[in-house]
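run.txt (compact mmCIF, N, CA and C atoms)
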```txt
# COMPACT_ATOMS: atom_id res chain seq x y z
N MET A 1 -202.02 -264.56 -54.02
CA MET A 1 -200.93 -265.43 -54.42
C MET A 1 -200.87 -266.67 -53.55
N ALA A 2 -201.26 -266.55 -52.29
CA ALA A 2 -201.19 -267.72 -51.40
C ALA A 2 -202.11 -268.82 -51.90
N GLY A 3 -203.25 -268.45 -52.47
CA GLY A 3 -204.19 -269.44 -52.99
C GLY A 3 -203.60 -270.29 -54.10
N VAL A 4 -202.64 -269.75 -54.82
CA VAL A 4 -201.98 -270.50 -55.89
C VAL A 4 -201.15 -271.63 -55.29
N PHE A 5 -200.51 -271.36 -54.17
CA PHE A 5 -199.63 -272.34 -53.55
C PHE A 5 -200.32 -273.20 -52.50
N LEU A 6 -201.50 -272.79 -52.07
CA LEU A 6 -202.27 -273.54 -51.08
C LEU A 6 -203.65 -273.85 -51.64
N PRO A 7 -203.72 -274.72 -52.65
CA PRO A 7 -204.97 -274.92 -53.36
C PRO A 7 -206.08 -275.57 -52.54
N LEU A 8 -205.76 -276.16 -51.39
CA LEU A 8 -206.80 -276.80 -50.60
C LEU A 8 -207.57 -275.82 -49.72
N LEU A 9 -207.06 -274.60 -49.63
CA LEU A 9 -207.73 -273.61 -48.80
C LEU A 9 -208.78 -272.86 -49.61
N PRO A 10 -209.92 -272.58 -49.00
CA PRO A 10 -210.92 -271.77 -49.70
C PRO A 10 -210.41 -270.34 -49.88
N THR A 11 -210.90 -269.67 -50.89
CA THR A 11 -210.40 -268.33 -51.22
C THR A 11 -210.98 -267.23 -50.34
N THR A 12 -212.06 -267.48 -49.62
CA THR A 12 -212.70 -266.43 -48.83
C THR A 12 -211.75 -265.76 -47.85
N PRO A 13 -210.95 -266.50 -47.08
CA PRO A 13 -210.03 -265.80 -46.16
C PRO A 13 -209.07 -264.88 -46.90
N PHE A 14 -208.61 -265.30 -48.07
CA PHE A 14 -207.70 -264.46 -48.83
C PHE A 14 -208.40 -263.21 -49.35
N LEU A 15 -209.66 -263.35 -49.74
CA LEU A 15 -210.44 -262.20 -50.19
C LEU A 15 -210.63 -261.21 -49.03
N LEU A 16 -210.93 -261.71 -47.85
CA LEU A 16 -211.12 -260.84 -46.69
C LEU A 16 -209.81 -260.12 -46.33
N VAL A 17 -208.70 -260.83 -46.38
CA VAL A 17 -207.40 -260.19 -46.10
C VAL A 17 -207.08 -259.16 -47.17
N ALA A 18 -207.38 -259.47 -48.43
CA ALA A 18 -207.13 -258.52 -49.52
C ALA A 18 -207.96 -257.26 -49.33
N ALA A 19 -209.21 -257.42 -48.93
CA ALA A 19 -210.07 -256.26 -48.72
C ALA A 19 -209.56 -255.42 -47.55
N TRP A 20 -209.14 -256.09 -46.48
CA TRP A 20 -208.60 -255.36 -45.33
C TRP A 20 -207.32 -254.62 -45.71
N ALA A 21 -206.42 -255.31 -46.40
CA ALA A 21 -205.16 -254.69 -46.80
C ALA A 21 -205.40 -253.55 -47.79
N ALA A 22 -206.36 -253.74 -48.69
CA ALA A 22 -206.66 -252.70 -49.67
C ALA A 22 -207.14 -251.43 -48.98
N ALA A 23 -207.92 -251.59 -47.94
CA ALA A 23 -208.41 -250.43 -47.21
C ALA A 23 -207.26 -249.65 -46.59
N LYS A 24 -206.20 -250.36 -46.25
CA LYS A 24 -205.04 -249.72 -45.62
C LYS A 24 -204.08 -249.11 -46.64
N SER A 25 -204.01 -249.70 -47.83
CA SER A 25 -202.95 -249.29 -48.76
C SER A 25 -203.41 -248.69 -50.07
N SER A 26 -204.58 -249.10 -50.55
CA SER A 26 -205.01 -248.64 -51.87
C SER A 26 -206.51 -248.33 -51.87
N PRO A 27 -206.86 -247.07 -51.72
CA PRO A 27 -208.28 -246.71 -51.76
C PRO A 27 -208.94 -247.13 -53.08
N ARG A 28 -208.19 -247.10 -54.16
CA ARG A 28 -208.76 -247.49 -55.47
C ARG A 28 -209.12 -248.98 -55.48
N LEU A 29 -208.22 -249.84 -55.01
CA LEU A 29 -208.50 -251.27 -54.94
C LEU A 29 -209.64 -251.55 -53.96
N HIS A 30 -209.65 -250.84 -52.85
CA HIS A 30 -210.72 -250.98 -51.86
C HIS A 30 -212.08 -250.67 -52.48
N ARG A 31 -212.18 -249.56 -53.19
CA ARG A 31 -213.44 -249.19 -53.87
C ARG A 31 -213.83 -250.25 -54.89
N TRP A 32 -212.85 -250.74 -55.64
CA TRP A 32 -213.13 -251.75 -56.67
C TRP A 32 -213.68 -253.03 -56.03
N LEU A 33 -213.03 -253.50 -54.96
CA LEU A 33 -213.50 -254.73 -54.31
C LEU A 33 -214.91 -254.57 -53.76
N TYR A 34 -215.18 -253.48 -53.07
CA TYR A 34 -216.48 -253.29 -52.43
C TYR A 34 -217.59 -252.93 -53.43
N SER A 35 -217.23 -252.48 -54.63
CA SER A 35 -218.25 -252.19 -55.63
C SER A 35 -218.36 -253.30 -56.67
N HIS A 36 -217.52 -254.31 -56.56
CA HIS A 36 -217.55 -255.43 -57.51
C HIS A 36 -218.87 -256.18 -57.36
N PRO A 37 -219.52 -256.54 -58.49
CA PRO A 37 -220.83 -257.21 -58.40
C PRO A 37 -220.79 -258.56 -57.68
N ARG A 38 -219.70 -259.27 -57.74
CA ARG A 38 -219.63 -260.58 -57.09
C ARG A 38 -219.04 -260.49 -55.67
N PHE A 39 -217.95 -259.76 -55.50
CA PHE A 39 -217.28 -259.69 -54.21
C PHE A 39 -217.89 -258.67 -53.27
N GLY A 40 -218.38 -257.57 -53.81
CA GLY A 40 -218.88 -256.46 -53.00
C GLY A 40 -219.95 -256.84 -51.99
N PRO A 41 -221.03 -257.50 -52.40
CA PRO A 41 -222.08 -257.83 -51.43
C PRO A 41 -221.59 -258.73 -50.30
N VAL A 42 -220.72 -259.67 -50.61
CA VAL A 42 -220.19 -260.58 -49.57
C VAL A 42 -219.31 -259.79 -48.60
N LEU A 43 -218.44 -258.95 -49.13
CA LEU A 43 -217.57 -258.14 -48.28
C LEU A 43 -218.37 -257.18 -47.41
N CYS A 44 -219.38 -256.54 -47.99
CA CYS A 44 -220.21 -255.61 -47.22
C CYS A 44 -220.99 -256.34 -46.13
N ALA A 45 -221.50 -257.53 -46.43
CA ALA A 45 -222.23 -258.31 -45.43
C ALA A 45 -221.31 -258.66 -44.27
N TRP A 46 -220.07 -259.03 -44.58
CA TRP A 46 -219.11 -259.35 -43.52
C TRP A 46 -218.76 -258.11 -42.71
N ARG A 47 -218.48 -257.01 -43.40
CA ARG A 47 -218.09 -255.77 -42.72
C ARG A 47 -219.23 -255.23 -41.85
N ASP A 48 -220.44 -255.23 -42.37
CA ASP A 48 -221.56 -254.60 -41.68
C ASP A 48 -222.22 -255.49 -40.63
N GLU A 49 -222.27 -256.80 -40.89
CA GLU A 49 -223.04 -257.69 -40.02
C GLU A 49 -222.25 -258.89 -39.50
N GLY A 50 -221.03 -259.09 -39.99
CA GLY A 50 -220.32 -260.31 -39.64
C GLY A 50 -221.02 -261.53 -40.20
N ALA A 51 -221.72 -261.33 -41.34
CA ALA A 51 -222.58 -262.36 -41.91
C ALA A 51 -221.93 -263.02 -43.13
N VAL A 52 -222.29 -264.29 -43.33
CA VAL A 52 -221.79 -265.06 -44.47
C VAL A 52 -222.99 -265.69 -45.17
N PRO A 53 -223.12 -265.50 -46.48
CA PRO A 53 -224.24 -266.10 -47.20
C PRO A 53 -224.22 -267.63 -47.13
N THR A 54 -225.40 -268.23 -47.13
CA THR A 54 -225.51 -269.68 -47.06
C THR A 54 -224.77 -270.35 -48.21
N ARG A 55 -224.83 -269.77 -49.39
CA ARG A 55 -224.15 -270.36 -50.54
C ARG A 55 -222.64 -270.46 -50.30
N ALA A 56 -222.07 -269.42 -49.70
CA ALA A 56 -220.63 -269.43 -49.40
C ALA A 56 -220.32 -270.49 -48.35
N LYS A 57 -221.19 -270.65 -47.37
CA LYS A 57 -220.99 -271.67 -46.35
C LYS A 57 -221.03 -273.07 -46.98
N LEU A 58 -221.99 -273.29 -47.85
CA LEU A 58 -222.10 -274.59 -48.52
C LEU A 58 -220.89 -274.88 -49.39
N LEU A 59 -220.47 -273.88 -50.17
CA LEU A 59 -219.29 -274.08 -51.03
C LEU A 59 -218.04 -274.36 -50.22
N ALA A 60 -217.87 -273.67 -49.11
CA ALA A 60 -216.70 -273.91 -48.26
C ALA A 60 -216.75 -275.31 -47.67
N THR A 61 -217.93 -275.73 -47.23
CA THR A 61 -218.09 -277.07 -46.67
C THR A 61 -217.77 -278.14 -47.70
N ILE A 62 -218.32 -278.00 -48.89
CA ILE A 62 -218.08 -278.97 -49.96
C ILE A 62 -216.61 -279.00 -50.35
N THR A 63 -216.00 -277.83 -50.47
CA THR A 63 -214.59 -277.74 -50.85
C THR A 63 -213.70 -278.43 -49.82
N MET A 64 -213.94 -278.18 -48.56
CA MET A 64 -213.12 -278.81 -47.52
C MET A 64 -213.35 -280.32 -47.49
N LEU A 65 -214.58 -280.75 -47.63
CA LEU A 65 -214.87 -282.18 -47.62
C LEU A 65 -214.20 -282.89 -48.81
N VAL A 66 -214.33 -282.31 -49.98
CA VAL A 66 -213.71 -282.91 -51.17
C VAL A 66 -212.19 -282.91 -51.03
N SER A 67 -211.62 -281.84 -50.51
CA SER A 67 -210.17 -281.78 -50.30
C SER A 67 -209.71 -282.89 -49.36
N TRP A 68 -210.44 -283.06 -48.27
CA TRP A 68 -210.07 -284.09 -47.30
C TRP A 68 -210.18 -285.49 -47.92
N ILE A 69 -211.25 -285.72 -48.67
CA ILE A 69 -211.44 -287.03 -49.32
C ILE A 69 -210.32 -287.31 -50.32
N ILE A 70 -209.93 -286.30 -51.09
CA ILE A 70 -208.83 -286.49 -52.06
C ILE A 70 -207.54 -286.85 -51.33
N LEU A 71 -207.25 -286.16 -50.25
CA LEU A 71 -206.05 -286.48 -49.48
C LEU A 71 -206.12 -287.89 -48.91
N TRP A 72 -207.28 -288.29 -48.44
CA TRP A 72 -207.47 -289.64 -47.92
C TRP A 72 -207.24 -290.68 -49.03
N LEU A 73 -207.83 -290.43 -50.20
CA LEU A 73 -207.67 -291.35 -51.32
C LEU A 73 -206.22 -291.42 -51.81
N LEU A 74 -205.49 -290.33 -51.67
CA LEU A 74 -204.08 -290.31 -52.08
C LEU A 74 -203.16 -290.95 -51.04
N GLY A 75 -203.73 -291.36 -49.93
CA GLY A 75 -202.94 -292.06 -48.92
C GLY A 75 -202.14 -291.15 -48.00
N SER A 76 -202.66 -289.98 -47.71
CA SER A 76 -201.96 -289.08 -46.78
C SER A 76 -201.84 -289.74 -45.41
N PRO A 77 -200.80 -289.38 -44.67
CA PRO A 77 -200.62 -289.95 -43.32
C PRO A 77 -201.84 -289.67 -42.43
N VAL A 78 -202.12 -290.61 -41.57
CA VAL A 78 -203.28 -290.50 -40.69
C VAL A 78 -203.22 -289.24 -39.84
N ARG A 79 -202.04 -288.91 -39.34
CA ARG A 79 -201.94 -287.70 -38.49
C ARG A 79 -202.27 -286.43 -39.28
N VAL A 80 -201.92 -286.41 -40.55
CA VAL A 80 -202.27 -285.26 -41.39
C VAL A 80 -203.79 -285.20 -41.57
N LEU A 81 -204.40 -286.34 -41.82
CA LEU A 81 -205.86 -286.39 -42.00
C LEU A 81 -206.59 -285.97 -40.73
N ILE A 82 -206.09 -286.42 -39.59
CA ILE A 82 -206.71 -286.04 -38.31
C ILE A 82 -206.55 -284.54 -38.07
N PHE A 83 -205.34 -284.03 -38.30
CA PHE A 83 -205.10 -282.60 -38.11
C PHE A 83 -206.02 -281.78 -39.00
N LEU A 84 -206.11 -282.15 -40.29
CA LEU A 84 -206.97 -281.40 -41.21
C LEU A 84 -208.44 -281.53 -40.84
N ALA A 85 -208.85 -282.72 -40.41
CA ALA A 85 -210.24 -282.89 -39.99
C ALA A 85 -210.56 -281.95 -38.83
N LEU A 86 -209.64 -281.83 -37.88
CA LEU A 86 -209.86 -280.93 -36.75
C LEU A 86 -209.86 -279.47 -37.19
N MET A 87 -208.92 -279.11 -38.06
CA MET A 87 -208.86 -277.72 -38.55
C MET A 87 -210.09 -277.36 -39.37
N PHE A 88 -210.44 -278.24 -40.30
CA PHE A 88 -211.63 -278.00 -41.12
C PHE A 88 -212.88 -277.91 -40.26
N SER A 89 -212.97 -278.77 -39.26
CA SER A 89 -214.14 -278.74 -38.37
C SER A 89 -214.22 -277.42 -37.61
N ALA A 90 -213.08 -276.94 -37.13
CA ALA A 90 -213.06 -275.67 -36.40
C ALA A 90 -213.48 -274.52 -37.32
N VAL A 91 -212.95 -274.50 -38.54
CA VAL A 91 -213.30 -273.45 -39.49
C VAL A 91 -214.79 -273.52 -39.83
N LEU A 92 -215.29 -274.72 -40.08
CA LEU A 92 -216.70 -274.86 -40.44
C LEU A 92 -217.61 -274.52 -39.27
N LEU A 93 -217.21 -274.87 -38.06
CA LEU A 93 -218.01 -274.50 -36.89
C LEU A 93 -218.13 -272.98 -36.78
N PHE A 94 -217.00 -272.30 -36.96
CA PHE A 94 -217.04 -270.84 -36.94
C PHE A 94 -217.89 -270.29 -38.08
N LEU A 95 -217.65 -270.82 -39.28
CA LEU A 95 -218.36 -270.32 -40.46
C LEU A 95 -219.88 -270.49 -40.32
N TRP A 96 -220.31 -271.68 -39.91
CA TRP A 96 -221.75 -271.94 -39.79
C TRP A 96 -222.37 -271.23 -38.59
N SER A 97 -221.54 -270.73 -37.67
CA SER A 97 -222.09 -269.96 -36.54
C SER A 97 -222.36 -268.51 -36.92
N ARG A 98 -221.84 -268.09 -38.07
CA ARG A 98 -222.07 -266.72 -38.53
C ARG A 98 -223.49 -266.60 -39.07
N PRO A 99 -224.13 -265.46 -38.86
CA PRO A 99 -225.49 -265.28 -39.37
C PRO A 99 -225.50 -265.12 -40.89
N ARG A 100 -226.69 -265.29 -41.46
CA ARG A 100 -226.89 -264.98 -42.88
C ARG A 100 -227.10 -263.48 -42.99
N PRO A 101 -226.73 -262.88 -44.13
CA PRO A 101 -226.99 -261.44 -44.30
C PRO A 101 -228.48 -261.14 -44.19
N GLN A 102 -228.82 -260.10 -43.44
CA GLN A 102 -230.22 -259.75 -43.24
C GLN A 102 -230.75 -258.75 -44.25
N ARG A 103 -229.83 -258.08 -44.92
CA ARG A 103 -230.27 -257.09 -45.92
C ARG A 103 -229.41 -257.20 -47.16
N SER A 104 -229.90 -256.62 -48.21
CA SER A 104 -229.16 -256.64 -49.47
C SER A 104 -227.97 -255.69 -49.35
N HIS A 105 -226.82 -256.17 -49.79
CA HIS A 105 -225.60 -255.35 -49.74
C HIS A 105 -225.15 -255.06 -51.17
N SER A 106 -225.94 -254.33 -51.89
CA SER A 106 -225.56 -254.05 -53.28
C SER A 106 -225.13 -252.62 -53.47
```
How does the structure come out when it is put into C-alpha cells?
Amino acid sequence: MAGVFLPLLPTTPFLLVAAWAAAKSSPRLHRWLYSHPRFGPVLCAWRDEGAVPTRAKLLATITMLVSWIILWLLGSPVRVLIFLALMFSAVLLFLWSRPRPQRSHS
C-alpha cells in the first residue's frame, strides 16, 4: 500500500518487507511469494546470498534517475532535489555494492 502513496520509491524494498512480514504472520503468503515465478528467485537470492540481479539494479537506477529528473523539471525546491540526490545516491551505492546471484534460485 505504501507504494501507492509513494510512487517515486522503487517497489523492491516493499517486496522485501512483505516477504519478511509474511514469514512472521502468514506461512501461506510466504510460500506464495517464494514460489512465485517472478518474485521467488529475487527473494531467494537476497535471502541466501544478499544478492541483487543486475536487471533489478539497472531498473532501480533508471527509476530513481527519471524520478529525480521529473521533480527537477516540475520545479521542485533545490533543497528537496539535493536531499533526494543524496538519498538516491546512498541507496544506489548500497544496491550496486551487492553481489549478483551466483546460482539459480528457482
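Across A:Leu16, A:Leu65, A:Leu71, A:Ala60, the tightest approach to Arg47 (chain A) is made by A:Leu16 when counting only C-alpha atoms.
Pairwise distance (atom N of Asp48 (chain A), CA of Pro101 (chain A)) equals 9.2 Å.
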Between atom C of Thr54 (chain A) and atom N of Arg103 (chain A) lies a distance of 13.7 Å
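Separating CA of Arg38 (chain A) from atom N of Val91 (chain A) is a distance of 24.1 Å.
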Which residues in chain A does DSSP call helix (DSSP H, G or I)? List them as a PyMOL selection string. chain A and resi 2-5+12-25+27-35+39-49+54-73+78-97
Val52 (chain A): which residues within 6 Å, counting all atoms listed in the file, same-chain residues fewer than 5 positions away excluded, as a VMD selection string?
-> chain A and resid 45 to 46 57 98 to 101
